[in-house]
$ cat data_13.txt   # compact mmCIF, C-alpha atoms
# COMPACT_ATOMS: atom_id res chain seq x y z
CA MET A 1 35.37 16.26 -0.38
CA LYS A 2 33.18 19.36 -0.31
CA THR A 3 30.80 17.75 -2.82
CA LEU A 4 30.65 14.64 -0.70
CA ILE A 5 29.64 16.52 2.45
CA LEU A 6 27.09 18.57 0.51
CA MET A 7 25.66 15.39 -0.99
CA MET A 8 25.45 13.67 2.38
CA LEU A 9 23.52 16.67 3.69
CA GLN A 10 21.17 16.50 0.70
CA PHE A 11 20.49 12.80 1.18
CA PHE A 12 20.05 13.29 4.90
CA LYS A 13 17.41 15.92 4.07
CA THR A 14 15.75 13.51 1.63
CA GLY A 15 15.64 10.79 4.26
CA LEU A 16 14.20 13.19 6.80
CA PHE A 17 11.42 14.65 4.69
CA SER A 18 10.31 11.80 2.41
CA VAL A 19 7.42 10.26 4.28
CA GLY A 20 5.77 7.12 2.94
CA GLY A 21 8.44 4.98 1.34
CA GLY A 22 10.57 4.70 -1.77
CA LEU A 23 8.63 6.65 -4.36
CA ALA A 24 8.27 9.61 -1.97
CA THR A 25 12.00 10.23 -2.46
CA LEU A 26 11.56 10.92 -6.20
CA PRO A 27 10.63 14.64 -5.98
CA PHE A 28 13.75 15.22 -3.85
CA LEU A 29 15.91 13.32 -6.32
CA TYR A 30 14.64 15.38 -9.28
CA GLU A 31 15.22 18.57 -7.32
CA MET A 32 18.75 17.47 -6.48
CA SER A 33 19.39 16.70 -10.13
CA ASP A 34 18.25 20.21 -11.22
CA GLN A 35 20.09 22.01 -8.47
CA PHE A 36 23.47 20.24 -8.42
CA GLY A 37 23.64 18.12 -11.57
CA TRP A 38 25.14 15.12 -9.77
CA PHE A 39 22.95 12.89 -11.95
CA SER A 40 20.47 13.47 -14.78
CA HIS A 41 16.71 12.92 -14.92
CA ASP A 42 17.43 9.94 -17.18
CA ASP A 43 19.62 8.49 -14.44
CA VAL A 44 16.67 8.69 -12.04
CA ALA A 45 14.40 6.91 -14.55
CA ASN A 46 17.04 4.22 -15.12
CA MET A 47 17.45 3.84 -11.40
CA ILE A 48 13.74 3.17 -10.97
CA ALA A 49 14.09 0.34 -13.48
CA VAL A 50 17.22 -1.01 -11.77
CA SER A 51 15.56 -0.79 -8.33
CA GLU A 52 12.67 -2.87 -9.58
CA SER A 53 15.11 -5.56 -10.60
CA THR A 54 17.40 -5.61 -7.57
CA PRO A 55 16.72 -6.16 -3.90
CA GLY A 56 16.42 -3.14 -1.63
CA ALA A 57 14.47 0.11 -1.61
CA ILE A 58 14.63 2.69 -4.39
CA GLY A 59 15.63 5.60 -2.14
CA ILE A 60 18.60 3.64 -0.83
CA ASN A 61 19.61 2.51 -4.30
CA MET A 62 19.50 6.05 -5.68
CA ALA A 63 21.68 7.36 -2.86
CA THR A 64 24.25 4.63 -3.52
CA TYR A 65 24.22 5.32 -7.26
CA ALA A 66 24.55 9.11 -6.98
CA GLY A 67 27.26 8.84 -4.35
CA PHE A 68 29.26 6.44 -6.51
CA LYS A 69 28.92 8.60 -9.65
CA THR A 70 30.40 11.65 -7.94
CA SER A 71 32.80 10.25 -5.36
CA GLY A 72 33.40 6.54 -5.98
CA ILE A 73 32.78 3.65 -3.63
CA ILE A 74 33.26 5.69 -0.44
CA GLY A 75 30.77 8.24 -1.80
CA GLY A 76 28.23 5.51 -2.49
CA ILE A 77 28.47 4.09 1.01
CA LEU A 78 28.44 7.46 2.80
CA SER A 79 25.43 8.85 0.88
CA THR A 80 23.50 5.68 1.62
CA ILE A 81 24.24 5.97 5.33
CA ALA A 82 23.24 9.66 5.20
CA LEU A 83 19.88 8.71 3.70
CA ALA A 84 19.32 5.93 6.24
CA ALA A 85 20.32 7.96 9.31
CA PRO A 86 17.08 9.96 9.80
CA SER A 87 14.96 6.78 9.61
CA ILE A 88 17.09 5.08 12.19
CA ILE A 89 17.17 8.07 14.56
CA VAL A 90 13.44 8.81 14.34
CA ILE A 91 12.39 5.18 14.77
CA LEU A 92 14.73 4.68 17.73
CA ILE A 93 13.08 7.65 19.44
CA VAL A 94 9.55 6.45 18.58
CA ALA A 95 10.33 2.89 19.69
CA THR A 96 11.76 4.05 23.01
CA ILE A 97 8.70 6.17 23.74
CA LEU A 98 6.33 3.39 22.64
CA GLU A 99 7.97 0.87 24.94
CA LYS A 100 7.05 3.04 27.92
CA PHE A 101 3.41 3.41 26.91
CA ARG A 102 2.92 -0.05 25.42
CA LYS A 103 0.41 -1.08 28.07
CA SER A 104 -1.59 2.15 27.99
CA LYS A 105 -5.17 1.72 26.85
CA VAL A 106 -5.00 4.75 24.59
CA VAL A 107 -1.96 3.34 22.79
CA SER A 108 -3.59 -0.04 22.27
CA ASN A 109 -6.67 1.75 20.93
CA VAL A 110 -4.47 3.68 18.51
CA PHE A 111 -3.07 0.37 17.28
CA TYR A 112 -6.58 -1.00 16.93
CA GLY A 113 -7.07 1.78 14.35
CA LEU A 114 -3.62 1.49 12.77
CA ARG A 115 -3.76 -2.22 11.97
CA PRO A 116 -6.63 -2.12 9.44
CA ALA A 117 -4.97 0.92 7.83
CA SER A 118 -1.71 -0.99 7.65
CA ILE A 119 -3.25 -4.11 6.10
CA ALA A 120 -5.33 -1.97 3.67
CA MET A 121 -2.19 -0.34 2.34
CA ILE A 122 -0.40 -3.67 2.09
CA SER A 123 -3.39 -5.00 0.08
CA ALA A 124 -3.21 -1.95 -2.18
CA ALA A 125 0.51 -2.57 -2.67
CA GLY A 126 -0.41 -6.12 -3.72
CA ILE A 127 -2.82 -4.72 -6.32
CA ASN A 128 -0.06 -2.43 -7.62
CA VAL A 129 2.27 -5.41 -8.04
CA ALA A 130 -0.56 -7.26 -9.84
CA LYS A 131 -0.79 -4.34 -12.29
CA THR A 132 2.84 -4.85 -13.24
CA SER A 133 2.68 -8.64 -13.37
CA ILE A 134 -0.61 -10.42 -14.06
CA ILE A 135 -2.99 -7.63 -15.13
CA ASN A 136 -2.33 -5.68 -18.30
CA VAL A 137 -4.50 -2.55 -18.19
CA ASP A 138 -2.87 -0.89 -21.23
CA ALA A 139 -3.48 -3.81 -23.59
CA PHE A 140 -7.06 -4.09 -22.34
CA SER A 141 -7.88 -0.42 -22.91
CA LYS A 142 -6.37 -0.62 -26.43
CA SER A 143 -8.13 -3.79 -27.62
CA GLY A 144 -11.18 -3.90 -25.31
CA LEU A 145 -10.94 -7.71 -25.25
CA PHE A 146 -11.37 -9.36 -21.86
CA SER A 147 -8.78 -12.00 -22.78
CA SER A 148 -6.12 -9.31 -23.13
CA LEU A 149 -6.68 -7.99 -19.60
CA PHE A 150 -4.67 -10.80 -18.07
CA SER A 151 -1.21 -12.05 -18.89
CA TRP A 152 -2.27 -15.67 -18.93
CA LYS A 153 1.19 -17.17 -18.43
CA ALA A 154 1.51 -15.06 -15.28
CA VAL A 155 -1.95 -16.07 -14.06
CA VAL A 156 -1.06 -19.76 -14.39
CA LEU A 157 2.19 -19.20 -12.48
CA ALA A 158 0.36 -17.24 -9.76
CA VAL A 159 -2.21 -20.02 -9.25
CA LEU A 160 0.49 -22.71 -9.17
CA LEU A 161 2.57 -20.69 -6.69
CA PHE A 162 -0.47 -20.13 -4.50
CA LEU A 163 -1.26 -23.86 -4.35
CA ALA A 164 2.40 -24.83 -3.93
CA GLN A 165 2.78 -22.53 -0.94
CA LYS A 166 -0.30 -23.97 0.71
CA LYS A 167 1.10 -27.46 0.27
CA TRP A 168 4.82 -27.00 0.94
CA ASN A 169 6.04 -24.62 3.59
CA PHE A 170 9.32 -23.70 1.84
CA HIS A 171 11.09 -20.40 2.41
CA PRO A 172 9.74 -17.55 0.22
CA PHE A 173 13.14 -17.19 -1.43
CA PHE A 174 12.77 -20.67 -2.92
CA PHE A 175 9.60 -19.58 -4.70
CA ILE A 176 11.19 -16.28 -5.79
CA ALA A 177 14.10 -18.20 -7.37
CA VAL A 178 11.77 -20.67 -9.10
CA SER A 179 9.67 -17.78 -10.45
CA ALA A 180 12.76 -16.09 -11.88
CA VAL A 181 13.68 -19.30 -13.74
CA VAL A 182 10.11 -19.78 -14.98
CA GLY A 183 10.10 -16.14 -16.14
CA ILE A 184 13.26 -16.67 -18.20
CA VAL A 185 12.24 -20.06 -19.66
CA PHE A 186 8.74 -18.96 -20.67
CA ARG A 187 9.87 -15.41 -21.61
CA PHE A 188 7.38 -13.55 -19.41
CA ALA A 189 8.43 -10.02 -20.40
CA THR A 190 9.80 -10.45 -23.93
CA GLY A 191 7.68 -13.34 -25.22
CA MET B 1 27.62 -9.88 20.85
CA LYS B 2 26.56 -13.16 19.33
CA GLU B 3 22.96 -11.99 19.28
CA LEU B 4 23.99 -8.79 17.49
CA TRP B 5 25.73 -10.82 14.76
CA ASP B 6 22.62 -12.96 14.50
CA LEU B 7 20.54 -9.79 14.11
CA TYR B 8 22.94 -8.41 11.48
CA PHE B 9 23.00 -11.55 9.36
CA THR B 10 19.26 -12.12 9.63
CA PHE B 11 18.61 -8.66 8.18
CA LEU B 12 21.42 -9.05 5.68
CA LYS B 13 19.64 -12.14 4.32
CA ILE B 14 16.28 -10.37 4.24
CA GLY B 15 17.81 -7.34 2.49
CA ALA B 16 19.46 -9.60 -0.08
CA VAL B 17 16.19 -11.21 -1.21
CA ASN B 18 13.81 -8.28 -0.63
CA PHE B 19 12.70 -7.58 -4.21
CA GLY B 20 10.00 -4.97 -4.70
CA GLY B 21 10.41 -2.58 -1.77
CA GLY B 22 8.97 -2.21 1.70
CA TYR B 23 5.72 -4.13 1.58
CA ALA B 24 7.28 -7.11 -0.22
CA MET B 25 9.41 -7.43 2.91
CA LEU B 26 6.39 -8.49 4.98
CA PRO B 27 6.19 -12.15 3.86
CA LEU B 28 9.94 -12.55 4.46
CA LEU B 29 9.74 -11.03 7.94
CA GLU B 30 6.76 -13.20 8.76
CA ARG B 31 8.58 -16.36 7.78
CA ASP B 32 11.95 -15.60 9.35
CA LEU B 33 11.08 -13.51 12.41
CA VAL B 34 7.54 -14.53 13.40
CA ASP B 35 7.50 -18.25 12.51
CA ASP B 36 11.15 -19.32 12.82
CA LYS B 37 12.86 -17.05 15.34
CA LYS B 38 9.76 -15.79 17.19
CA TRP B 39 11.30 -12.34 17.72
CA VAL B 40 8.06 -10.45 17.06
CA SER B 41 4.33 -11.22 16.78
CA GLN B 42 2.17 -10.68 13.69
CA GLU B 43 0.40 -7.79 15.42
CA GLU B 44 3.69 -6.08 16.18
CA LEU B 45 4.75 -6.40 12.53
CA LEU B 46 1.56 -4.67 11.43
CA ASP B 47 2.10 -1.92 13.99
CA TYR B 48 5.66 -1.39 12.77
CA PHE B 49 4.51 -1.12 9.15
CA ALA B 50 1.83 1.40 10.10
CA ILE B 51 4.30 3.57 12.01
CA GLY B 52 6.97 3.11 9.34
CA GLN B 53 4.50 4.51 6.83
CA CYS B 54 3.96 7.80 8.64
CA THR B 55 7.50 8.43 9.91
CA PRO B 56 10.24 9.81 7.66
CA GLY B 57 12.40 7.56 5.54
CA VAL B 58 12.22 4.27 3.72
CA ILE B 59 9.62 1.88 5.16
CA ALA B 60 11.86 -1.19 5.00
CA LEU B 61 14.52 0.58 7.06
CA ASN B 62 12.00 1.88 9.59
CA VAL B 63 10.67 -1.64 10.16
CA SER B 64 14.20 -3.07 10.42
CA THR B 65 15.16 -0.46 13.01
CA PHE B 66 12.01 -1.19 15.01
CA ILE B 67 12.63 -4.93 15.18
CA GLY B 68 16.32 -4.44 15.96
CA HIS B 69 15.39 -2.05 18.76
CA LYS B 70 12.94 -4.54 20.20
CA ARG B 71 15.64 -7.22 20.27
CA LYS B 72 18.70 -5.33 21.47
CA GLY B 73 17.84 -1.68 22.14
CA ILE B 74 19.46 1.22 20.29
CA ILE B 75 22.50 -0.73 19.11
CA GLY B 76 20.17 -3.46 17.86
CA GLY B 77 18.19 -0.95 15.79
CA ILE B 78 21.35 0.36 14.14
CA VAL B 79 22.78 -3.11 13.52
CA ALA B 80 19.55 -4.39 11.92
CA SER B 81 19.36 -1.39 9.56
CA LEU B 82 23.01 -1.74 8.55
CA GLY B 83 22.40 -5.43 7.90
CA PHE B 84 19.45 -4.61 5.68
CA ILE B 85 21.39 -2.19 3.43
CA SER B 86 24.61 -4.23 3.27
CA VAL B 87 23.82 -6.32 0.20
CA PRO B 88 21.79 -3.81 -1.88
CA ILE B 89 24.63 -1.26 -1.53
CA TRP B 90 27.14 -3.60 -3.18
CA ILE B 91 24.73 -4.70 -5.90
CA ILE B 92 24.10 -1.08 -6.91
CA LEU B 93 27.81 -0.24 -6.75
CA VAL B 94 28.57 -3.13 -9.11
CA ILE B 95 25.75 -2.15 -11.46
CA ALA B 96 26.83 1.51 -11.44
CA ALA B 97 30.45 0.56 -12.07
CA VAL B 98 30.27 -2.15 -14.72
CA LEU B 99 26.79 -3.23 -15.73
CA THR B 100 25.37 -0.37 -17.78
CA GLY B 101 22.09 -1.41 -19.35
CA PHE B 102 21.46 -4.06 -16.69
CA ALA B 103 17.75 -3.29 -16.54
CA ASP B 104 17.42 -3.43 -20.36
CA ASN B 105 18.80 -6.97 -20.61
CA PRO B 106 15.99 -9.28 -21.87
CA TYR B 107 16.93 -12.12 -19.47
CA VAL B 108 16.80 -9.73 -16.52
CA GLN B 109 13.41 -8.42 -17.67
CA ASP B 110 12.01 -11.95 -18.04
CA ALA B 111 13.34 -13.05 -14.66
CA PHE B 112 11.81 -10.06 -12.91
CA ALA B 113 8.48 -10.41 -14.68
CA GLY B 114 8.42 -13.87 -13.07
CA ILE B 115 9.58 -12.58 -9.69
CA ARG B 116 6.84 -9.92 -9.65
CA VAL B 117 4.21 -12.66 -9.99
CA CYS B 118 5.73 -14.40 -6.98
CA VAL B 119 5.89 -11.16 -4.96
CA PHE B 120 2.19 -10.63 -5.73
CA VAL B 121 1.29 -14.11 -4.44
CA LEU B 122 3.47 -13.66 -1.34
CA ILE B 123 1.82 -10.34 -0.46
CA ILE B 124 -1.70 -11.71 -0.97
CA GLN B 125 -0.95 -14.68 1.27
CA ALA B 126 0.49 -12.42 3.97
CA VAL B 127 -2.66 -10.28 3.80
CA LEU B 128 -4.87 -13.37 4.19
CA ARG B 129 -2.90 -14.49 7.25
CA LEU B 130 -2.85 -11.05 8.89
CA TRP B 131 -6.48 -10.24 8.11
CA LYS B 132 -7.85 -11.78 11.32
CA LYS B 133 -5.34 -9.91 13.45
CA SER B 134 -6.30 -6.49 12.13
CA VAL B 135 -9.88 -6.55 10.88
CA VAL B 136 -11.56 -7.67 14.09
CA ASP B 137 -15.00 -5.99 13.90
CA TRP B 138 -17.23 -3.90 11.64
CA LYS B 139 -15.47 -0.65 12.55
CA THR B 140 -12.10 -1.93 11.43
CA LEU B 141 -13.72 -3.49 8.34
CA VAL B 142 -15.15 -0.11 7.30
CA MET B 143 -11.74 1.50 7.82
CA TYR B 144 -10.05 -1.24 5.80
CA CYS B 145 -12.48 -0.96 2.87
CA PHE B 146 -12.34 2.85 2.82
CA ILE B 147 -8.55 3.10 2.84
CA PHE B 148 -8.13 0.19 0.42
CA PHE B 149 -10.48 1.62 -2.23
CA ILE B 150 -9.15 5.19 -1.98
CA THR B 151 -5.56 3.93 -2.26
CA VAL B 152 -6.23 1.56 -5.18
CA PHE B 153 -8.27 4.09 -7.16
CA SER B 154 -6.17 7.13 -6.21
CA LYS B 155 -5.14 7.67 -9.84
CA VAL B 156 -8.75 7.69 -11.08
CA LEU B 157 -10.16 9.79 -8.26
CA PRO B 158 -9.82 13.59 -8.36
CA LEU B 159 -8.49 13.76 -4.79
CA HIS B 160 -5.08 12.61 -3.70
CA VAL B 161 -4.56 11.56 -0.09
CA SER B 162 -1.11 10.64 1.12
CA ALA B 163 -0.70 7.29 2.85
CA ALA B 164 0.76 9.00 5.90
CA ALA B 165 -2.46 11.02 6.32
CA PHE B 166 -4.49 7.80 6.33
CA VAL B 167 -2.32 6.26 8.99
CA ILE B 168 -2.50 9.31 11.24
CA CYS B 169 -6.31 9.57 10.85
CA ALA B 170 -6.71 5.84 11.51
CA GLY B 171 -4.64 6.11 14.68
CA VAL B 172 -6.59 9.11 15.99
CA LEU B 173 -9.90 7.43 15.13
CA GLY B 174 -8.75 4.27 16.88
CA ALA B 175 -7.96 6.23 20.04
CA PHE B 176 -11.60 7.35 20.19
CA ILE B 177 -13.53 4.29 18.97
CA GLY B 178 -11.16 1.54 20.15
CA PRO B 179 -12.46 -1.33 22.30
CA ASN B 180 -10.39 -0.61 25.43
CA LYS B 181 -12.39 1.58 27.75
CA ALA B 182 -11.57 2.14 31.39
CA GLY B 183 -13.41 -0.39 33.59
CA ASN B 184 -14.19 -2.91 30.84
CA LYS B 185 -13.62 -6.46 31.96
CA ARG B 186 -11.27 -8.46 29.82
CA GLN B 187 -13.66 -11.35 29.40
CA ALA B 188 -16.54 -9.16 28.21
CA GLU B 189 -14.16 -7.72 25.66
CA MET B 190 -13.18 -11.12 24.35
CA GLU B 191 -16.82 -12.10 23.92
CA GLN B 192 -17.50 -8.86 22.08
CA VAL B 193 -14.58 -9.43 19.76
CA SER B 194 -15.66 -12.96 18.89
CA GLN B 195 -19.21 -11.80 18.17
CA GLN B 196 -17.93 -8.95 16.11
CA GLU B 197 -15.71 -11.29 14.15
CA VAL B 198 -18.79 -13.14 12.98
CA THR B 199 -20.48 -9.93 11.85
CA ALA B 200 -17.26 -8.81 10.20
CA GLN B 201 -17.20 -12.02 8.19
CA GLU B 202 -20.81 -11.52 7.14
CA CYS B 203 -20.00 -7.98 6.09
CA GLN B 204 -17.04 -9.24 4.14
CA GLU B 205 -19.23 -11.68 2.24
CA GLN B 206 -21.80 -9.10 1.37
CA GLY B 207 -19.30 -6.41 0.46
CA ASN B 208 -18.60 -2.89 1.56
CA GLY B 209 -22.11 -1.54 0.90
CA HIS B 210 -23.64 -3.69 3.60
CA SER B 211 -21.26 -2.61 6.34
CA SER B 212 -21.78 1.09 5.61
CA VAL B 213 -25.54 0.50 5.72
CA VAL B 214 -25.11 -1.13 9.12
CA GLN B 215 -23.09 1.86 10.29
CA LYS B 216 -25.70 4.35 9.06
CA GLY B 217 -28.47 2.29 10.62
CA ARG B 218 -26.76 2.38 14.01
CA GLU B 219 -26.12 6.11 13.76
CA GLN B 220 -29.79 6.66 12.97
CA ASP B 221 -30.85 4.52 15.91
CA ALA B 222 -28.70 6.68 18.16
CA THR B 223 -30.11 9.94 16.82
CA VAL B 224 -33.67 8.65 16.95
CA GLN B 225 -33.38 7.61 20.58
CA GLU B 226 -32.15 10.96 21.81
CA PRO B 227 -35.11 13.14 20.69
CA ASP B 228 -37.47 10.49 22.16
CA LYS B 229 -35.83 10.95 25.54
CA GLN B 230 -36.05 14.73 25.28
CA GLU B 231 -39.75 14.50 24.44
CA MET B 232 -40.33 12.19 27.39
CA ASP B 233 -38.53 14.60 29.68
CA GLU B 234 -40.60 17.53 28.42
CA ALA B 235 -43.84 15.56 28.84
CA GLU B 236 -42.88 14.77 32.43
CA ARG B 237 -42.19 18.43 33.14
CA ARG B 238 -45.57 19.44 31.72
CA GLN B 239 -47.31 16.86 33.93
CA ASP B 240 -45.42 18.21 36.94
CA LYS B 241 -46.64 21.73 36.18
$ encode --input "data_13.txt" --output "structure tokens"
Amino acid sequence: MKTLILMMLQFFKTGLFSVGGGLATLPFLYEMSDQFGWFSHDDVANMIAVSESTPGAIGINMATYAGFKTSGIIGGILSTIALAAPSIIVILIVATILEKFRKSKVVSNVFYGLRPASIAMISAAGINVAKTSIINVDAFSKSGLFSSLFSWKAVVLAVLLFLAQKKWNFHPFFFIAVSAVVGIVFRFATG
Amino acid sequence: MKELWDLYFTFLKIGAVNFGGGYAMLPLLERDLVDDKKWVSQEELLDYFAIGQCTPGVIALNVSTFIGHKRKGIIGGIVASLGFISVPIWIILVIAAVLTGFADNPYVQDAFAGIRVCVFVLIIQAVLRLWKKSVVDWKTLVMYCFIFFITVFSKVLPLHVSAAAFVICAGVLGAFIGPNKAGNKRQAEMEQVSQQEVTAQECQEQGNGHSSVVQKGREQDATVQEPDKQEMDEAERRQDK
């Protein structure tokens, strides 16, 4: 019980001070591991791998995992809520204030500046995903061959998906499911 | 009450298929909330992502709370966030309890190598759609290029800038150089924007170098004009004497 409350406080702190998304929680998680030993550094590394292969954000997943390991299902749920609480509270405050000033010219000027920053970081996130899917920087720097820079199976899938989405306006989940099947059939990671 | 359930299940569905973290959520939100349900506009989504980036916590949750708040106030914000975490929580609990070595399974690895390709395509398409809403003139184009290149090459460059710092700087800069000045007529603004769109497209075609040259050129013009005026003033004074 004491551990559970302490852990909720720790995850609340993590949620409050990790600015900038999932990977920003990692330093806090390593610190927690050193200080309290609720999970090991290997657990954190494994969790990064699991988070990449399950829906949801890594910070949330880690809170669930650590909570479960120390205090079972209730622990998993409560730590997750503790991590989520600061986000929810802060955004509710920001959203309430914004609503009042939505029509102010200064605020709309601020958004004029924020939007290109937002789309630039989304583009950069796209490039990061490309580095783990269609571009293979390691193989290229080892062999120096241009042909090894791209995972060609992935490039073909990407082009086909791009064209298919232009043509058919299906829900994104349909394409995600198809890609998973294609990945297994053509052995994208192990082949 | 019915609307709250709708909000909960909408975010539950998004949370269940949101592979790859916060930004991969954008295409899903666009499809479900902008196109189908029309709860938010594309511009609002971009604003929420920008704010979510520089406020504490996980981006996906920040955006969920924002949209929930817009729909149904404070309760809506809480309900949307709870909806978003509902499915991932159970998946992780199951994995932690029974599926040790889940991430090492070759089938899982293959499936997610495929899914990452799809997430890449989805993000690129979302960027293409949202481009026009955010990069409206040469000023925003310069900001886009600058932040994009620093973020992409952050590992190669000696300096490290946090994403939150970029967002805060961009917001402050926008407050000073933004198009909305007191007294501007709406129509004049619209004309400006459409003209600037054309130049922005030209800049885009010719790459980042061109736009920065344009910027420097304009700065020089401004600095050149000012000394000219001062000289004129001085000349007038001398004539007066």
$ residues_near_point --input "data_13.txt" --point "(0.7, 12.3, 4.6)" --cutoff "9 Å" --atoms "only C-alpha atoms" --output "number ranges by chain"
A: 19-20; B: 53-54, 161-168
$ atom_distance --input "data_13.txt" --atom1 "CA of Gln109 (chain B)" --atom2 "CA of Ala189 (chain A)"
5.9 Å
$ closest_residue --input "data_13.txt" --among "B:Leu33, B:Val156, B:Ile89, B:Met1" --to "chain A" --atoms "all atoms listed in the file"
B:Ile89
$ atom_distance --input "data_13.txt" --atom1 "CA of Ile14 (chain B)" --atom2 "CA of Phe68 (chain A)"
23.8 Å
$ closest_residue --input "data_13.txt" --among "A:Leu83, A:Ala164, A:Leu149, A:Val137" --to "chain B" --atoms "all atoms listed in the file"
A:Leu83
$ closest_residue --input "data_13.txt" --among "B:Pro56, B:Asp36, B:Asp6, B:Gly101" --to "Phe17 (chain A)" --atoms "all atoms listed in the file"
B:Pro56
$ residues_around --input "data_13.txt" --residues "region 154-161 of chain A" --least-positions-apart "5" --cutoff "10 Å" --atoms "only C-alpha atoms" --output "ChimeraX atom specification"
/A:130,133-135,166-167,175-176,178-179,182-183,186,188-189 /B:113-114,116-122
$ closest_residue --input "data_13.txt" --among "A:Lys153, A:Arg102, A:Arg115, A:Lys131" --to "chain B" --atoms "all atoms listed in the file"
A:Arg115
$ closest_residue --input "data_13.txt" --among "A:Phe140, A:Phe170, A:Ala177, A:Gly113" --to "chain B" --atoms "all atoms listed in the file"
A:Gly113
